[in-house]
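Structure data follow from upload.txt (compact mmCIF, C-alpha atoms):
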```txt
# COMPACT_ATOMS: atom_id res chain seq x y z
CA MET H 1 166.42 -17.49 -10.46
CA THR H 2 169.33 -16.81 -8.13
CA ALA H 3 168.68 -16.83 -4.41
CA ILE H 4 169.75 -13.67 -2.64
CA ARG H 5 171.85 -14.50 0.41
CA LYS H 6 172.92 -12.32 3.32
CA LYS H 7 176.54 -12.45 4.47
CA PRO H 8 176.02 -12.86 8.22
CA GLY H 9 179.74 -12.66 8.97
CA ALA H 10 179.98 -9.25 7.32
CA TYR H 11 177.68 -7.26 9.61
CA VAL H 12 175.76 -7.10 12.87
CA GLU H 13 172.23 -5.77 13.00
CA THR H 14 169.75 -4.39 15.47
CA GLU H 15 166.27 -2.89 15.50
CA ILE H 16 165.70 0.58 16.88
CA ASP H 17 162.79 3.00 16.55
CA GLY H 18 161.31 0.92 13.72
CA GLU H 19 164.52 0.91 11.71
CA THR H 20 166.91 -1.91 11.00
CA VAL H 21 170.46 -0.73 11.62
CA LEU H 22 173.44 -2.67 10.28
CA MET H 23 177.08 -2.16 11.16
CA ARG H 24 179.56 -3.44 8.59
CA LEU H 25 182.29 -5.21 10.51
CA SER H 26 185.08 -4.45 8.07
CA ASP H 27 185.00 -0.69 8.72
CA GLY H 28 182.30 0.03 11.32
CA ASP H 29 180.07 1.90 8.84
CA PHE H 30 176.37 2.08 9.69
CA PHE H 31 173.46 1.36 7.34
CA SER H 32 170.05 2.48 8.52
CA LEU H 33 167.14 0.82 6.73
CA GLY H 34 163.56 2.04 6.98
CA GLY H 35 160.44 1.80 4.85
CA THR H 36 160.85 -0.14 1.60
CA ALA H 37 164.56 -0.72 2.13
CA ARG H 38 163.83 -2.40 5.44
CA ALA H 39 161.06 -4.48 3.87
CA ILE H 40 163.48 -5.70 1.19
CA TRP H 41 166.13 -6.52 3.77
CA LEU H 42 163.64 -8.49 5.86
CA ALA H 43 162.46 -10.35 2.76
CA ILE H 44 165.94 -11.69 2.05
CA ASP H 45 165.84 -15.22 3.44
CA ASP H 46 168.57 -17.00 1.44
CA THR H 47 165.95 -18.68 -0.76
CA ARG H 48 164.03 -15.88 -2.54
CA SER H 49 165.23 -14.41 -5.80
CA ALA H 50 165.07 -10.70 -6.63
CA GLY H 51 161.83 -11.31 -8.53
CA GLU H 52 160.27 -13.18 -5.64
CA ILE H 53 161.25 -10.39 -3.27
CA ALA H 54 159.61 -7.84 -5.60
CA ALA H 55 156.46 -10.00 -5.70
CA LEU H 56 156.41 -10.22 -1.90
CA LEU H 57 156.73 -6.46 -1.61
CA GLY H 58 154.02 -6.04 -4.23
CA ASP H 59 151.65 -7.95 -1.96
CA LYS H 60 152.75 -5.97 1.07
CA PHE H 61 152.48 -2.54 -0.51
CA GLU H 62 149.60 -3.41 -2.87
CA ALA H 63 151.56 -2.48 -5.97
CA PRO H 64 152.32 -4.47 -9.13
CA ALA H 65 155.60 -6.38 -8.76
CA SER H 66 156.62 -5.11 -12.20
CA GLU H 67 156.70 -1.58 -10.81
CA LEU H 68 158.91 -2.60 -7.91
CA GLU H 69 161.40 -4.80 -9.72
CA ALA H 70 163.70 -1.98 -10.79
CA ASP H 71 163.80 -0.47 -7.30
CA VAL H 72 164.42 -3.87 -5.70
CA ALA H 73 167.19 -4.64 -8.17
CA ARG H 74 168.83 -1.26 -7.53
CA PHE H 75 168.74 -1.69 -3.76
CA LEU H 76 170.03 -5.26 -3.95
CA ALA H 77 172.91 -4.02 -6.09
CA ASP H 78 173.68 -1.42 -3.42
CA LEU H 79 173.67 -4.10 -0.71
CA ALA H 80 175.94 -6.31 -2.83
CA ASP H 81 178.32 -3.40 -3.50
CA SER H 82 178.41 -2.79 0.24
CA GLY H 83 179.40 -6.38 0.88
CA LEU H 84 176.27 -7.22 2.86
CA ILE H 85 174.71 -9.78 0.49
CA SER H 86 175.74 -12.09 -2.31
CA ALA H 87 173.53 -12.52 -5.31
CA MET P 1 183.96 -3.59 37.30
CA VAL P 2 182.34 -2.54 40.61
CA SER P 3 183.88 -4.62 43.37
CA GLU P 4 182.01 -6.00 46.36
CA ALA P 5 183.72 -3.51 48.65
CA ASN P 6 182.58 -0.67 46.41
CA SER P 7 178.98 -1.86 46.21
CA ALA P 8 178.30 -0.56 49.73
CA LEU P 9 179.09 2.99 48.61
CA SER P 10 176.68 5.12 46.64
CA PRO P 11 177.92 5.92 43.14
CA ILE P 12 178.39 9.56 44.18
CA ALA P 13 180.48 8.64 47.24
CA LEU P 14 182.45 6.10 45.23
CA MET P 15 183.41 8.61 42.54
CA ARG P 16 184.30 11.21 45.15
CA ARG P 17 186.54 8.73 46.94
CA GLU P 18 188.20 7.46 43.78
CA MET P 19 188.87 10.99 42.47
CA THR P 20 190.79 11.85 45.65
CA ALA P 21 194.15 13.13 44.41
CA ARG P 22 197.55 13.36 46.03
CA GLU P 23 201.04 14.22 44.83
CA GLY P 24 203.49 11.36 44.40
CA ALA P 25 205.72 9.48 42.00
CA VAL P 26 204.07 8.34 38.76
CA PRO P 27 205.85 5.51 36.90
CA GLY P 28 206.53 5.45 33.17
CA ASP P 29 204.63 2.23 32.65
CA LEU P 30 201.35 0.55 33.51
CA ASP P 31 201.81 -3.10 34.45
CA GLY P 32 205.06 -3.28 32.49
CA MET P 33 203.71 -1.57 29.37
CA ALA P 34 205.71 1.61 28.76
CA VAL P 35 203.67 4.76 28.17
CA PRO P 36 205.67 7.49 26.35
CA LEU P 37 205.23 11.14 27.28
CA GLY P 38 202.17 12.60 25.62
CA GLN P 39 200.29 9.30 25.69
CA HIS P 40 198.00 7.38 28.00
CA ARG P 41 197.03 3.80 28.65
CA ILE P 42 193.94 2.33 30.25
CA ALA P 43 193.49 -1.26 31.37
CA ALA P 44 191.37 -3.06 33.95
CA SER P 45 194.18 -2.47 36.47
CA GLY P 46 194.29 1.31 36.10
CA PHE P 47 194.98 4.40 34.05
CA LEU P 48 198.25 6.14 33.32
CA LEU P 49 198.50 9.49 31.55
CA ARG P 50 201.92 11.00 30.97
CA ALA P 51 202.65 14.55 29.86
CA ALA P 52 205.80 16.60 30.30
CA GLU P 53 204.01 19.06 32.57
CA VAL P 54 202.05 16.62 34.71
CA SER P 55 201.40 12.88 34.87
CA PHE P 56 198.60 10.92 36.51
CA LEU P 57 198.24 7.37 37.78
CA TYR P 58 194.93 5.97 38.91
CA ARG P 59 194.38 2.53 40.33
CA PRO P 60 190.95 1.42 41.58
CA GLY P 61 190.70 1.83 45.32
CA GLU P 62 193.85 3.94 45.55
CA GLY P 63 192.81 7.35 44.19
CA VAL P 64 194.75 9.50 41.76
CA VAL P 65 198.49 10.16 42.06
CA ILE P 66 199.77 13.34 40.42
CA GLN P 67 203.38 14.06 39.56
CA ARG P 68 204.11 17.60 38.45
CA GLY P 69 206.96 18.23 36.00
CA PRO P 70 208.69 21.11 34.21
CA GLY P 71 206.16 23.55 32.79
CA TRP P 72 203.42 22.44 35.19
CA THR P 73 200.54 24.84 35.63
CA ALA P 74 197.37 24.56 37.64
CA GLY P 75 195.39 25.07 34.45
CA ILE P 76 196.92 22.10 32.65
CA GLU P 77 196.46 19.88 35.71
CA GLU P 78 192.84 20.96 36.02
CA LEU P 79 192.14 20.17 32.37
CA TYR P 80 193.56 16.67 32.56
CA LEU P 81 192.27 15.78 36.03
CA HIS P 82 188.67 16.75 35.39
CA GLY P 83 188.71 15.62 31.76
CA SER P 84 190.36 12.41 30.70
CA VAL P 85 191.41 11.29 34.19
CA CYS P 86 187.85 11.66 35.51
CA ALA P 87 186.47 9.77 32.50
CA ALA P 88 188.94 6.96 33.09
CA VAL P 89 188.15 6.77 36.81
CA ALA P 90 184.44 6.59 35.97
CA CYS P 91 184.96 3.78 33.44
CA LEU P 92 187.17 1.81 35.81
CA ASN P 93 184.40 1.91 38.42
CA GLY P 94 181.67 0.68 36.10
CA PHE P 95 180.26 4.05 35.10
CA LEU P 96 179.75 5.50 31.64
CA PRO P 97 180.97 9.09 31.24
CA LEU P 98 179.48 11.32 28.56
CA HIS P 99 181.11 14.47 27.22
CA ALA P 100 178.23 16.74 28.14
CA SER P 101 177.03 19.63 30.27
CA ALA P 102 173.57 19.30 31.79
CA VAL P 103 170.68 20.98 33.56
CA VAL P 104 167.68 19.61 35.45
CA VAL P 105 164.20 19.77 33.95
CA ASP P 106 161.27 18.36 35.95
CA ASP P 107 163.54 16.06 38.00
CA ARG P 108 165.26 14.70 34.90
CA VAL P 109 168.63 15.50 33.41
CA VAL P 110 168.87 17.15 30.01
CA ALA P 111 172.43 16.82 28.74
CA PHE P 112 174.02 18.89 25.97
CA THR P 113 176.78 17.38 23.92
CA ALA P 114 178.98 18.90 21.22
CA PRO P 115 182.62 18.96 20.23
CA ALA P 116 184.92 21.26 22.23
CA GLY P 117 183.87 24.85 21.56
CA GLY P 118 180.37 23.76 20.55
CA GLY P 119 178.64 25.68 23.31
CA LYS P 120 177.76 23.01 25.89
CA SER P 121 178.83 24.98 28.94
CA THR P 122 177.58 28.32 27.62
CA LEU P 123 174.11 26.93 26.95
CA ALA P 124 173.93 25.17 30.32
CA ALA P 125 175.03 28.37 32.07
CA ALA P 126 172.42 30.40 30.21
CA LEU P 127 169.67 27.93 31.09
CA ALA P 128 170.83 28.06 34.70
CA ARG P 129 170.37 31.83 34.55
CA LEU P 130 166.79 31.15 33.41
CA GLY P 131 166.23 29.06 36.52
CA ARG P 132 167.14 25.53 35.40
CA PRO P 133 169.29 23.90 38.09
CA LEU P 134 172.79 23.16 36.80
CA PHE P 135 173.59 19.44 36.97
CA CYS P 136 177.13 19.20 35.62
CA ASP P 137 179.67 20.84 33.35
CA ASP P 138 181.61 19.10 30.59
CA THR P 139 181.57 15.54 31.97
CA LEU P 140 178.36 13.72 32.86
CA VAL P 141 179.03 10.50 34.74
CA THR P 142 176.23 7.98 34.39
CA ALA P 143 175.36 4.57 35.76
CA LEU P 144 174.02 2.24 33.11
CA ALA P 145 171.04 0.04 33.98
CA PRO P 146 170.58 -3.36 32.28
CA ASP P 147 167.86 -1.91 30.03
CA GLY P 148 170.27 0.76 28.76
CA SER P 149 168.70 3.62 30.72
CA LEU P 150 171.07 6.01 32.43
CA ALA P 151 171.07 7.37 35.97
CA CYS P 152 173.20 10.50 36.22
CA LEU P 153 175.63 11.53 38.95
CA PRO P 154 175.68 15.25 39.81
CA GLY P 155 178.72 17.12 38.54
CA HIS P 156 181.84 17.21 40.64
CA LYS P 157 183.66 20.12 39.04
CA ARG P 158 182.87 23.79 39.09
CA MET P 159 181.57 25.28 35.88
CA LYS P 160 184.05 27.41 34.00
CA LEU P 161 183.50 29.66 31.01
CA TRP P 162 185.53 31.81 28.67
CA PRO P 163 185.17 35.51 29.63
CA GLU P 164 183.14 36.12 26.45
CA ALA P 165 180.66 33.42 27.52
CA VAL P 166 180.45 34.91 31.02
CA GLU P 167 179.37 38.19 29.46
CA LEU P 168 177.02 36.49 26.99
CA THR P 169 175.20 34.47 29.63
CA GLY P 170 175.23 37.15 32.31
CA SER P 171 176.90 34.72 34.70
CA ALA P 172 178.71 35.96 37.79
CA ALA P 173 182.46 35.67 37.23
CA LEU P 174 184.35 34.29 40.20
CA GLU P 175 188.11 33.69 40.01
CA GLN P 176 190.11 32.85 36.87
CA VAL P 177 190.98 29.12 36.69
CA SER P 178 194.72 29.84 36.65
CA ALA P 179 197.15 32.45 35.39
CA ASP P 180 197.72 30.47 32.17
CA TYR P 181 194.09 29.57 31.55
CA ARG P 182 191.67 32.42 30.86
CA LYS P 183 188.48 30.59 31.71
CA VAL P 184 186.79 31.76 34.89
CA TYR P 185 184.75 29.81 37.38
CA VAL P 186 181.09 30.80 37.49
CA THR P 187 179.89 28.38 40.16
CA GLY P 188 181.12 27.62 43.65
CA ASN P 189 180.50 23.91 43.35
CA GLY P 190 179.93 21.22 40.72
CA SER P 191 176.17 20.93 40.78
CA ASP P 192 172.98 22.48 42.09
CA CYS P 193 171.81 18.92 42.85
CA ALA P 194 173.01 16.44 45.44
CA GLU P 195 171.15 13.36 44.20
CA MET P 196 171.29 11.10 41.18
CA LEU P 197 168.61 11.70 38.55
CA PRO P 198 167.50 9.80 35.44
CA LEU P 199 168.60 11.05 32.03
CA GLY P 200 165.62 12.71 30.37
CA ALA P 201 167.15 13.67 27.05
CA LEU P 202 170.46 14.06 25.27
CA VAL P 203 170.69 17.10 23.01
CA VAL P 204 173.32 17.31 20.28
CA LEU P 205 174.27 20.94 19.62
CA GLU P 206 174.87 22.07 16.07
CA GLN P 207 175.20 25.29 14.15
CA GLY P 208 172.30 26.26 11.87
CA ALA P 209 170.71 29.25 10.20
CA ALA P 210 167.72 29.32 12.54
CA PRO P 211 166.80 27.71 15.87
CA GLU P 212 165.56 24.21 15.12
CA LEU P 213 164.90 21.30 17.44
CA ALA P 214 164.26 17.82 16.08
CA PRO P 215 164.14 14.33 17.57
CA VAL P 216 166.74 11.85 16.34
CA THR P 217 165.72 8.24 15.78
CA GLY P 218 167.07 4.92 14.54
CA GLY P 219 170.55 4.56 13.12
CA ALA P 220 171.24 8.28 13.31
CA LYS P 221 170.82 8.04 17.07
CA ILE P 222 173.34 5.21 17.33
CA ALA P 223 175.80 7.13 15.18
CA LEU P 224 175.48 10.25 17.35
CA LEU P 225 175.92 8.30 20.57
CA THR P 226 179.00 6.60 19.18
CA ASP P 227 180.82 9.85 18.60
CA ASP P 228 181.86 10.83 22.12
CA HIS P 229 185.64 11.40 22.02
CA TYR P 230 187.70 9.43 24.53
CA CYS P 231 184.84 8.58 26.90
CA ARG P 232 183.51 5.68 24.85
CA GLN P 233 187.00 4.54 23.89
CA PHE P 234 187.90 4.22 27.58
CA TYR P 235 184.65 2.43 28.40
CA HIS P 236 185.10 -0.21 25.74
CA ALA P 237 188.80 -0.66 26.51
CA VAL P 238 188.09 -1.26 30.21
CA ASN P 239 185.23 -3.63 29.50
CA GLY P 240 187.05 -5.51 26.74
CA VAL P 241 184.29 -4.95 24.20
CA ASP P 242 184.99 -5.68 20.52
CA GLY P 243 183.35 -4.11 17.44
CA PRO P 244 180.07 -6.08 17.43
CA GLY P 245 179.86 -5.76 21.21
CA GLN P 246 180.30 -1.99 20.93
CA PHE P 247 177.53 -1.85 18.35
CA ALA P 248 175.21 -3.86 20.60
CA PHE P 249 176.09 -1.53 23.48
CA GLN P 250 175.40 1.62 21.45
CA ALA P 251 172.11 0.15 20.24
CA ARG P 252 170.99 -0.64 23.79
CA LEU P 253 171.94 2.87 24.88
CA ALA P 254 170.20 4.43 21.88
CA ALA P 255 166.99 2.47 22.43
CA ALA P 256 166.72 3.76 26.00
CA THR P 257 167.73 7.38 25.36
CA ARG P 258 165.75 10.28 23.92
CA VAL P 259 168.03 12.18 21.57
CA PHE P 260 167.46 15.54 19.90
CA ARG P 261 169.41 17.78 17.58
CA PHE P 262 169.37 21.47 18.43
CA ALA P 263 170.65 23.72 15.67
CA ARG P 264 171.05 27.45 16.18
CA PRO P 265 173.08 30.29 14.70
CA PHE P 266 176.35 31.16 16.45
CA ASP P 267 175.22 34.75 16.73
CA ARG P 268 175.68 36.65 19.97
CA GLU P 269 172.81 38.99 19.07
CA ARG P 270 170.42 36.04 18.85
CA PHE P 271 171.74 34.07 21.83
CA GLY P 272 168.88 35.10 24.14
CA GLU P 273 166.31 34.21 21.51
CA THR P 274 167.78 30.77 20.74
CA THR P 275 168.24 29.91 24.40
CA GLY P 276 164.66 30.91 25.15
CA PHE P 277 163.48 28.81 22.21
CA LEU P 278 165.12 25.72 23.68
CA ASP P 279 164.08 26.52 27.24
CA SER P 280 160.43 26.61 26.24
CA ALA P 281 160.70 23.13 24.72
CA LEU P 282 162.58 21.37 27.54
CA SER P 283 159.63 20.11 29.58
CA ALA P 284 158.01 18.47 26.56
CA MET P 285 161.33 16.85 25.63
CA VAL P 286 161.68 14.98 28.92
CA ARG P 287 158.00 14.00 29.07
CA GLY P 288 158.23 12.09 25.81
```

Kindly present the structure from the file in structure tokens form.
Amino acid sequence: MTAIRKKPGAYVETEIDGETVLMRLSDGDFFSLGGTARAIWLAIDDTRSAGEIAALLGDKFEAPASELEADVARFLADLADSGLISA
Amino acid sequence: MVSEANSALSPIALMRREMTAREGAVPGDLDGMAVPLGQHRIAASGFLLRAAEVSFLYRPGEGVVIQRGPGWTAGIEELYLHGSVCAAVACLNGFLPLHASAVVVDDRVVAFTAPAGGGKSTLAAALARLGRPLFCDDTLVTALAPDGSLACLPGHKRMKLWPEAVELTGSAALEQVSADYRKVYVTGNGSDCAEMLPLGALVVLEQGAAPELAPVTGGAKIALLTDDHYCRQFYHAVNGVDGPGQFAFQARLAAATRVFRFARPFDRERFGETTGFLDSALSAMVRG
């Protein structure tokens, strides 16, 4: 399983009103993460794989990991496309 | 940016002193950096704005020098002096200017921001007619506390409206700003208040089908606070803040500021209704 890694040099982040807000340094675009998206972002610790992140969220939201895997994979792909993580 | 000598002055007195203007020669460069006509430059040492009709030089502690040129009109000078020059003077003295008009609600400032023509002044004038003290028109100069909260300086320039807005708001028209500029003054001074007050809420004005007021939170708040024409550009240039630093600054500001969106139709027939709708919500907005 491949560890999902953030690209710390690609963004800066802050917390506001219960959201995680990222600014991509290459173009100044904002990404505002709340709810499940924020939970996924916070679960990325450079060691967990996509499956392990889905399992962690399953525990958190009391849902089977199998139901979350597709959503987690889709969001991770979005983050990778945006240049914020490597997978 | 506030020097020791300045620290003895209140922010209001400091801005008044620094905005003192006189006619004189304005150079074509700022510290050796040429500024072509139609452009401006801001640095820690000062601000230079050059236009064919009128140019301005401001250096901290020395006030504003104005040089009038061919095609000068009082209207053009007024626009520059109380717009970009004032914003630059504020930034160079450690203040943060916001492009906003504002009224006072329960001893707090409620500021309205929108692009030019978005109705900031008209709404503030209408609320003033409903009894809300007018705090400023077009430029709100603020002092930023370490926690990101803002203390507001009362406005320094008289409110001016287009004749159509005078009629719409029922304001009393005083004299026209200048022969070349159709706006008319509707106040005799810059503010109904003499003291600084805390910012209670910032309201972003938008067009919508029906009156709608909604709080803005999180990243949307940061994005809205970032979009403030030249004011923020000047502030970051003076303070030497880079991209990540600007983001941290906006986040600190956003965390300490209540922000709302107010959408309403641009319909003269419904202006009284939409203004009353907002007026009835103002006290709750600043109480949080």

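Across the model, the gap from CA of Glu18 (chain P) to CA of Leu202 (chain P) is 26.5 Å.
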
Expected answer as a ChimeraX atom specification: chain H residues within 8 Å of chain P, only C-alpha atoms: /H:12,14-21,23,25,28,30-32

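Those residues that approach Ser26 (chain H) to within 10 Å, counting only C-alpha atoms, are Gly9, Ala10, Tyr11 and Gly83 of chain H; Gly243 of chain P; same-chain residues fewer than 5 positions away are not listed.
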
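For the residues H:Glu67, H:Asp78, H:Glu62, H:Asp46, ranking by smallest atom-to-atom distance to Ala3 (chain H) using all atoms listed in the file places H:Asp46 first.
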
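Excluding Leu76 (chain H) itself and any same-chain residue fewer than 6 positions from it, the protein and nucleic acid residues within 9 Å of it, counting all atoms listed in the file, are Ile4, Ile40, Trp41, Ala50, Ile85 and Ala87 of chain H.
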
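Between CA of Ser10 (chain P) and CA of Phe135 (chain P) the separation is 17.6 Å.
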
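Put simply, CA of Gly34 (chain H) is 26.3 Å away from CA of Met1 (chain H).
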
Contact residues around Lys157 (chain P) with all atoms listed in the file at 12 Å, ignoring same-chain residues under 2 positions, as a ChimeraX atom specification: /P:16,19,78-79,81-83,86,101,134-141,153-155,159-160,177,185-192

Those selected residues, please, written with C-alpha atoms and delivered as a compact mmCIF listing (two decimals), in the frame of the given file.
```txt
# COMPACT_ATOMS: atom_id res chain seq x y z
CA ARG P 16 184.30 11.21 45.15
CA MET P 19 188.87 10.99 42.47
CA GLU P 78 192.84 20.96 36.02
CA LEU P 79 192.14 20.17 32.37
CA LEU P 81 192.27 15.78 36.03
CA HIS P 82 188.67 16.75 35.39
CA GLY P 83 188.71 15.62 31.76
CA CYS P 86 187.85 11.66 35.51
CA SER P 101 177.03 19.63 30.27
CA LEU P 134 172.79 23.16 36.80
CA PHE P 135 173.59 19.44 36.97
CA CYS P 136 177.13 19.20 35.62
CA ASP P 137 179.67 20.84 33.35
CA ASP P 138 181.61 19.10 30.59
CA THR P 139 181.57 15.54 31.97
CA LEU P 140 178.36 13.72 32.86
CA VAL P 141 179.03 10.50 34.74
CA LEU P 153 175.63 11.53 38.95
CA PRO P 154 175.68 15.25 39.81
CA GLY P 155 178.72 17.12 38.54
CA MET P 159 181.57 25.28 35.88
CA LYS P 160 184.05 27.41 34.00
CA VAL P 177 190.98 29.12 36.69
CA TYR P 185 184.75 29.81 37.38
CA VAL P 186 181.09 30.80 37.49
CA THR P 187 179.89 28.38 40.16
CA GLY P 188 181.12 27.62 43.65
CA ASN P 189 180.50 23.91 43.35
CA GLY P 190 179.93 21.22 40.72
CA SER P 191 176.17 20.93 40.78
CA ASP P 192 172.98 22.48 42.09
```

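Point (182.1, 7.5, 33.4) has the following residues at most 6 Å away: Ala87, Ala90, Cys91, Phe95, Leu96, Pro97, Val141 and Thr142 of chain P (atoms considered: all atoms listed in the file).
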
Of the listed residues H:Ala63, H:Lys6, H:Glu13, H:Glu69, that which approaches Ala43 (chain H) most closely, counting only C-alpha atoms: H:Lys6

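Using all atoms listed in the file, the smallest distance between any of P:Ile76, P:Val105, P:Leu205, P:Ala34 and Pro265 (chain P) comes from P:Leu205.
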
Residues within 10 Å of region 54-59 of chain H, all atoms listed in the file, excluding chain neighbours under 6 positions, as a ChimeraX atom specification: /H:36,39-40,43,48,65-73

Would you mind exporting the chosen residues as a PDB file, in the coordinates of the input, restricted to C-alpha atoms?
```pdb
ATOM      1  CA  THR H  36     160.850  -0.140   1.600  1.00  0.00           C
ATOM      2  CA  ALA H  39     161.060  -4.480   3.870  1.00  0.00           C
ATOM      3  CA  ILE H  40     163.480  -5.700   1.190  1.00  0.00           C
ATOM      4  CA  ALA H  43     162.460 -10.350   2.760  1.00  0.00           C
ATOM      5  CA  ARG H  48     164.030 -15.880  -2.540  1.00  0.00           C
ATOM      6  CA  ALA H  65     155.600  -6.380  -8.760  1.00  0.00           C
ATOM      7  CA  SER H  66     156.620  -5.110 -12.200  1.00  0.00           C
ATOM      8  CA  GLU H  67     156.700  -1.580 -10.810  1.00  0.00           C
ATOM      9  CA  LEU H  68     158.910  -2.600  -7.910  1.00  0.00           C
ATOM     10  CA  GLU H  69     161.400  -4.800  -9.720  1.00  0.00           C
ATOM     11  CA  ALA H  70     163.700  -1.980 -10.790  1.00  0.00           C
ATOM     12  CA  ASP H  71     163.800  -0.470  -7.300  1.00  0.00           C
ATOM     13  CA  VAL H  72     164.420  -3.870  -5.700  1.00  0.00           C
ATOM     14  CA  ALA H  73     167.190  -4.640  -8.170  1.00  0.00           C
TER      15      ALA H  73
END
```

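By chain and then residue number, the residues within 8 Å of region 35-42 of chain P are Gly28, Asp29, Leu30, Ser45, Gly46, Phe47, Leu48, Leu49, Arg50, Ala51, Ala52, Ala88, Phe234, Ala237 and Val238 of chain P, counting only C-alpha atoms and disregarding those fewer than 3 positions away in sequence.
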
Writing C-alpha atoms and nothing else, produce region 164-179 of chain P as a PDB file, in the first residue's frame.
```pdb
ATOM      1  CA  GLU P 164     -29.879  59.571  -8.613  1.00  0.00           C
ATOM      2  CA  ALA P 165     -28.733  58.171  -5.252  1.00  0.00           C
ATOM      3  CA  VAL P 166     -29.492  61.482  -3.540  1.00  0.00           C
ATOM      4  CA  GLU P 167     -33.060  61.192  -4.767  1.00  0.00           C
ATOM      5  CA  LEU P 168     -33.284  57.492  -3.921  1.00  0.00           C
ATOM      6  CA  THR P 169     -32.084  57.919  -0.350  1.00  0.00           C
ATOM      7  CA  GLY P 170     -33.855  61.204   0.306  1.00  0.00           C
ATOM      8  CA  SER P 171     -30.541  62.768   1.303  1.00  0.00           C
ATOM      9  CA  ALA P 172     -30.114  66.535   1.365  1.00  0.00           C
ATOM     10  CA  ALA P 173     -28.023  67.600  -1.617  1.00  0.00           C
ATOM     11  CA  LEU P 174     -25.370  70.170  -0.800  1.00  0.00           C
ATOM     12  CA  GLU P 175     -22.949  71.397  -3.476  1.00  0.00           C
ATOM     13  CA  GLN P 176     -21.738  69.426  -6.510  1.00  0.00           C
ATOM     14  CA  VAL P 177     -18.199  68.051  -5.997  1.00  0.00           C
ATOM     15  CA  SER P 178     -16.863  69.955  -9.020  1.00  0.00           C
ATOM     16  CA  ALA P 179     -18.006  71.144 -12.422  1.00  0.00           C
TER      17      ALA P 179
END
```
